[in-house]
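Enquirer: Before anything else, here's the structure in question.
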Amino acid sequence: MKMASGRRPEHQAPPEVFYNEEEARKYTSNSRMIQIQQELTERAVEMLNLPEDTPCYLLDLGCGSGLSGEFLTDQDHVWVGMDISSSMLDVAQEREVEGDLLLSDMGQGMCFRPGTFDGVISISAIQWLCNADKKSHNPPKRLYKFFSTLYACMARGARAVLQLYPENSDQLELITTQAMKAGFSGGVVVDFPNSTRAKKFFLVLFAGGTMTKLPKALGTDDRVHQAHFTDIRERGKGKTRKSVKKSRDWIMEKKERRRRQGKDVRPDSRYTGRKRSNKF
């Protein structure tokens with residue numbers, strides 16, 4: 001979560017250090033944090049589009065003290081929680097959450113059998129992988145390792161919904177690019193894009209199967225707040241040259257690139273890229 005001071009937690013210390021025993025207990029006892037976590041989890045599960053009245057096997061990445069897991073349990077799902085903070089997991093055990101807990105660094109990849117999970121959620125965790133907290137850390141490589149092993153452990157056609165707080169458009173581009181390289185299709189859904197406080201980013205990923213539409217963003221009817229991408233192997237196929245600058249294709253590519261970055265872009269129309277006549 002963002003701190004009230006505006007200083008991002010991931011800029012203060014590595015996650016396993018920042019979420020020490022004191023911070024873990026403070027986070028778990030904060031009623032406002034609990035409410036936000038539950039709302040974000042409910043929204044993420046909604047976008048998973050799971051079959052109704054059917055218990056599913058889910059993975060909660062960055063599960064912390066199990067606040068999201070409690071919601072999954074209430075929905076009759078079976079879940080596994082994964083986190084890098086031993087203090088957070090200690091609190092989760094004290095609270096006797098019903099999910100299985102695993103102490104692990106997401107940047108080192110998943111250790112599950114292929115096709116294990118029916119769905120994956122993550123609340124406010126993925127942006128931590130963009131930091132190089134150690135000399136050995138290379139953010140693009142860690143993100144690719146994370147996404148490629150995540151893809152492998154998901155059932156074909158399953159979804160992952162990863163809520164995140166991107167620091168800027170470059171960071172969002174980095175994350176989505178590595179997800180594409182790993183084989184995912186999907187895109188970014190931005191809820192309440194015109195609100196500073198309520199604005200939320202969700203990376204919605206599809207692990208194989210038929211490409212489906214992204215969930216509709218809340219707080220707007222404008223589709224520009226749903227930025228799509230597809231497997232990079234399909235994107236590069238047959239691509240031999242760049243579009244001519246200022247041409248319609250060039251403009252459309254630029255607009256799509258800005259959408260993937262989560263930026264506001266004017267809707268496409270039949271006038272997009274049309275050359276204007278000279279004025280006299």
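By convention in this document, the chains of the structure tokens carry letters A, B, ... by their order, each chain's residues are numbered from 1, and ligands are numbered from 1 in the order they are shown.
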Residues of stretch 101-232 of chain A classed as strand (DSSP E) by DSSP on the backbone are to be reported as JSON, numbers by chain.
Expert: {"A": [101, 102, 103, 117, 118, 119, 120, 121, 122, 123, 154, 155, 156, 157, 158, 159, 160, 161, 162, 163, 164, 185, 186, 187, 188, 189, 190, 191, 200, 201, 202, 203, 204, 205, 206, 226, 227, 228, 229]}
Enquirer: Please return as a ChimeraX atom specification: the residues of stretch 43-124 of chain A that backbone DSSP assigns to alpha helix (DSSP H).
Expert: /A:43-48,67-74,86-94
Enquirer: Suppose we keep N, CA, C and O atoms; can you now write the selection as a compact mmCIF listing (two decimals), in the first residue's frame?
Expert:
# COMPACT_ATOMS: atom_id res chain seq x y z
N ARG A 43 -12.59 -7.42 -5.86
CA ARG A 43 -12.56 -6.98 -7.26
C ARG A 43 -11.68 -7.91 -8.11
O ARG A 43 -12.05 -8.26 -9.23
N ALA A 44 -10.55 -8.32 -7.56
CA ALA A 44 -9.65 -9.22 -8.29
C ALA A 44 -10.33 -10.56 -8.57
O ALA A 44 -10.25 -11.09 -9.68
N VAL A 45 -11.00 -11.11 -7.57
CA VAL A 45 -11.68 -12.40 -7.74
C VAL A 45 -12.82 -12.27 -8.74
O VAL A 45 -13.06 -13.18 -9.55
N GLU A 46 -13.50 -11.14 -8.72
CA GLU A 46 -14.57 -10.89 -9.68
C GLU A 46 -14.04 -10.97 -11.11
O GLU A 46 -14.66 -11.56 -12.00
N MET A 47 -12.83 -10.40 -11.33
CA MET A 47 -12.26 -10.39 -12.68
C MET A 47 -11.65 -11.73 -13.08
O MET A 47 -11.34 -11.95 -14.25
N LEU A 48 -11.47 -12.64 -12.11
CA LEU A 48 -11.01 -13.99 -12.45
C LEU A 48 -12.05 -14.75 -13.25
O LEU A 48 -11.73 -15.71 -13.96
N LEU A 67 -5.00 -11.60 4.77
CA LEU A 67 -6.25 -10.84 4.69
C LEU A 67 -7.03 -11.18 3.42
O LEU A 67 -8.23 -11.34 3.44
N SER A 68 -6.31 -11.30 2.30
CA SER A 68 -6.98 -11.69 1.05
C SER A 68 -7.45 -13.14 1.13
O SER A 68 -8.52 -13.49 0.63
N GLY A 69 -6.63 -13.98 1.76
CA GLY A 69 -6.98 -15.38 1.88
C GLY A 69 -8.27 -15.62 2.63
O GLY A 69 -9.02 -16.56 2.33
N GLU A 70 -8.55 -14.77 3.61
CA GLU A 70 -9.80 -14.92 4.36
C GLU A 70 -11.01 -14.75 3.45
O GLU A 70 -12.01 -15.45 3.59
N PHE A 71 -10.90 -13.81 2.51
CA PHE A 71 -11.99 -13.61 1.56
C PHE A 71 -12.13 -14.84 0.67
O PHE A 71 -13.25 -15.28 0.38
N LEU A 72 -11.00 -15.40 0.22
CA LEU A 72 -11.05 -16.60 -0.62
C LEU A 72 -11.70 -17.76 0.12
O LEU A 72 -12.49 -18.52 -0.45
N THR A 73 -11.37 -17.89 1.40
CA THR A 73 -11.97 -18.95 2.22
C THR A 73 -13.48 -18.74 2.35
O THR A 73 -14.26 -19.69 2.25
N ASP A 74 -13.89 -17.49 2.55
CA ASP A 74 -15.32 -17.18 2.67
C ASP A 74 -16.07 -17.53 1.39
O ASP A 74 -17.28 -17.80 1.43
N SER A 86 8.77 -13.30 6.31
CA SER A 86 8.49 -14.33 7.32
C SER A 86 7.63 -13.76 8.44
O SER A 86 6.81 -14.48 9.03
N SER A 87 7.78 -12.47 8.74
CA SER A 87 6.97 -11.84 9.79
C SER A 87 5.50 -11.81 9.40
O SER A 87 4.63 -12.07 10.24
N MET A 88 5.23 -11.50 8.15
CA MET A 88 3.84 -11.50 7.68
C MET A 88 3.25 -12.91 7.78
O MET A 88 2.10 -13.09 8.22
N LEU A 89 4.01 -13.91 7.37
CA LEU A 89 3.51 -15.28 7.41
C LEU A 89 3.33 -15.77 8.85
O LEU A 89 2.43 -16.55 9.13
N ASP A 90 4.18 -15.29 9.76
CA ASP A 90 4.02 -15.64 11.17
C ASP A 90 2.68 -15.13 11.71
O ASP A 90 1.98 -15.83 12.44
N VAL A 91 2.34 -13.89 11.33
CA VAL A 91 1.06 -13.33 11.75
C VAL A 91 -0.10 -14.11 11.13
O VAL A 91 -1.11 -14.37 11.78
N ALA A 92 0.07 -14.52 9.89
CA ALA A 92 -0.97 -15.32 9.22
C ALA A 92 -1.21 -16.63 9.96
O ALA A 92 -2.35 -17.07 10.13
N GLN A 93 -0.12 -17.27 10.40
CA GLN A 93 -0.25 -18.52 11.16
C GLN A 93 -0.92 -18.30 12.50
O GLN A 93 -1.75 -19.10 12.93
N GLU A 94 -0.57 -17.19 13.16
CA GLU A 94 -1.20 -16.87 14.44
C GLU A 94 -2.70 -16.66 14.27
O GLU A 94 -3.49 -16.99 15.16
Enquirer: Tell me which of A:Arg95, A:Lys181, A:Arg32, A:His77 sits closest to A:Pro51, counting only C-alpha atoms.
Expert: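 Once distances to A:Pro51 are computed over only C-alpha atoms, the minimum belongs to A:His77.
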Enquirer: With distances taken over only C-alpha atoms, which residue among A:Asp53, A:Asp133, A:Glu256, A:Asp268 lies nearest A:Glu10?
Expert: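 Of all the options, A:Asp133 lies closest to A:Glu10.
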Enquirer: Which residue gives the smallest distance to A:Asp264 among A:Ser169, A:Asn138, A:Ser185, A:Ala207, with only C-alpha atoms counted?
Expert: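 The answer is A:Ser169, which sits nearest to A:Asp264.
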Enquirer: Restricting the calculation to only C-alpha atoms, which member of A:Ser124, A:Ser104, A:Ser269, A:Gln75 is positioned closest to A:Gln163?
Expert: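 Among the listed residues, the smallest separation from A:Gln163 belongs to A:Ser124.
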Enquirer: Just the residues within 9 Å of stretch 139-142 of chain A, please, counting only C-alpha atoms, with nothing from its chain fewer than 5 positions along; format it as a list in words.
Expert: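 That gives Met106, Gly107, Gln108, Gly109, Leu129, Cys130, Asn131, Ala132, Phe147, Leu174, Ile175 and Gln178 of chain A.
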Enquirer: Can you write just those residues out, all heavy atoms, as a short mmCIF file (atom, residue, chain, number, x, y, z; two decimals), in the first residue's frame?
Expert:
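Saved the output as part01.cif:
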data_model
loop_
_atom_site.label_atom_id
_atom_site.label_comp_id
_atom_site.auth_asym_id
_atom_site.auth_seq_id
_atom_site.Cartn_x
_atom_site.Cartn_y
_atom_site.Cartn_z
N MET A 106 9.15 -14.19 -5.12
CA MET A 106 8.50 -14.34 -6.43
C MET A 106 9.50 -14.18 -7.57
O MET A 106 9.35 -14.79 -8.63
CB MET A 106 7.40 -13.29 -6.59
CG MET A 106 6.21 -13.47 -5.68
SD MET A 106 4.87 -12.31 -6.09
CE MET A 106 5.68 -10.73 -5.82
N GLY A 107 10.51 -13.34 -7.37
CA GLY A 107 11.49 -13.09 -8.41
C GLY A 107 12.35 -14.29 -8.74
O GLY A 107 13.03 -14.30 -9.77
N GLN A 108 12.32 -15.31 -7.88
CA GLN A 108 13.06 -16.54 -8.15
C GLN A 108 12.19 -17.59 -8.83
O GLN A 108 12.64 -18.70 -9.09
CB GLN A 108 13.65 -17.09 -6.85
CG GLN A 108 14.71 -16.18 -6.24
CD GLN A 108 15.32 -16.74 -4.98
OE1 GLN A 108 14.90 -17.79 -4.48
NE2 GLN A 108 16.30 -16.04 -4.44
N GLY A 109 10.93 -17.24 -9.08
CA GLY A 109 10.04 -18.12 -9.81
C GLY A 109 9.14 -18.97 -8.92
O GLY A 109 9.33 -19.06 -7.70
N LEU A 129 8.99 -6.16 -7.58
CA LEU A 129 9.96 -6.85 -8.44
C LEU A 129 10.71 -5.89 -9.36
O LEU A 129 11.69 -6.28 -9.99
CB LEU A 129 9.26 -7.91 -9.27
CG LEU A 129 8.69 -9.12 -8.52
CD1 LEU A 129 8.00 -10.07 -9.49
CD2 LEU A 129 9.79 -9.85 -7.76
N CYS A 130 10.26 -4.66 -9.46
CA CYS A 130 10.92 -3.68 -10.32
C CYS A 130 12.14 -3.05 -9.64
O CYS A 130 12.86 -2.27 -10.27
CB CYS A 130 9.94 -2.58 -10.72
SG CYS A 130 8.57 -3.16 -11.74
N ASN A 131 12.36 -3.37 -8.37
CA ASN A 131 13.50 -2.82 -7.64
C ASN A 131 14.67 -3.79 -7.63
O ASN A 131 14.47 -5.01 -7.58
CB ASN A 131 13.12 -2.51 -6.19
CG ASN A 131 12.28 -1.24 -6.07
OD1 ASN A 131 11.92 -0.64 -7.09
ND2 ASN A 131 11.96 -0.85 -4.87
N ALA A 132 15.87 -3.27 -7.67
CA ALA A 132 17.08 -4.09 -7.53
C ALA A 132 17.60 -3.91 -6.11
O ALA A 132 18.42 -3.03 -5.83
CB ALA A 132 18.13 -3.66 -8.55
N PHE A 147 7.00 -14.34 -14.37
CA PHE A 147 5.87 -14.55 -15.27
C PHE A 147 5.95 -15.89 -16.01
O PHE A 147 4.92 -16.55 -16.21
CB PHE A 147 5.79 -13.41 -16.28
CG PHE A 147 5.18 -12.15 -15.73
CD1 PHE A 147 5.90 -10.96 -15.70
CD2 PHE A 147 3.89 -12.14 -15.24
CE1 PHE A 147 5.34 -9.80 -15.19
CE2 PHE A 147 3.31 -10.99 -14.72
CZ PHE A 147 4.05 -9.81 -14.70
N LEU A 174 7.42 -2.01 -18.43
CA LEU A 174 8.37 -3.07 -18.12
C LEU A 174 7.64 -4.33 -17.68
O LEU A 174 7.94 -5.45 -18.15
CB LEU A 174 9.33 -2.61 -17.03
CG LEU A 174 10.27 -3.68 -16.43
CD1 LEU A 174 11.21 -4.22 -17.49
CD2 LEU A 174 11.04 -3.10 -15.24
N ILE A 175 6.68 -4.18 -16.80
CA ILE A 175 5.94 -5.33 -16.27
C ILE A 175 5.14 -6.02 -17.37
O ILE A 175 5.20 -7.24 -17.53
CB ILE A 175 5.01 -4.87 -15.13
CG1 ILE A 175 5.85 -4.41 -13.93
CG2 ILE A 175 4.07 -6.00 -14.71
CD1 ILE A 175 5.03 -3.74 -12.83
N GLN A 178 7.37 -8.00 -19.97
CA GLN A 178 7.87 -9.29 -19.50
C GLN A 178 6.74 -10.32 -19.44
O GLN A 178 6.97 -11.52 -19.69
CB GLN A 178 8.54 -9.14 -18.13
CG GLN A 178 9.74 -8.21 -18.11
CD GLN A 178 10.74 -8.53 -19.21
OE1 GLN A 178 11.15 -9.68 -19.38
NE2 GLN A 178 11.14 -7.52 -19.96
#
Enquirer: Could you check which of A:Leu61, A:Cys111, A:Leu102, A:Leu218 is closest to A:Leu162, using only C-alpha atoms?
Expert: A:Leu61
Enquirer: Point out the residue among A:Gly183, A:Gly157, A:Gly99, A:Pro166 with the least atom-to-atom distance to A:Ala125, counting only C-alpha atoms.
Expert: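 Distance minimum relative to A:Ala125 lands on A:Pro166.
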Enquirer: Name the residues in contact with A:Arg197 at a cut-off of 12 Å, using only C-alpha atoms, excluding same-chain residues fewer than 3 positions from it; report them as a PyMOL selection string.
Expert: chain A and resi 2+4+36+165+191-194+200-201
Enquirer: I'd like the neighbourhood of A:Met154 as a list of chain:residue names, where a residue qualifies if any of its atoms comes within 6 Å (using only C-alpha atoms), though same-chain residues fewer than 5 positions away should be ignored.
Expert: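 These residues fall inside the cut-off: A:Gly115, A:Thr116, A:Phe117.
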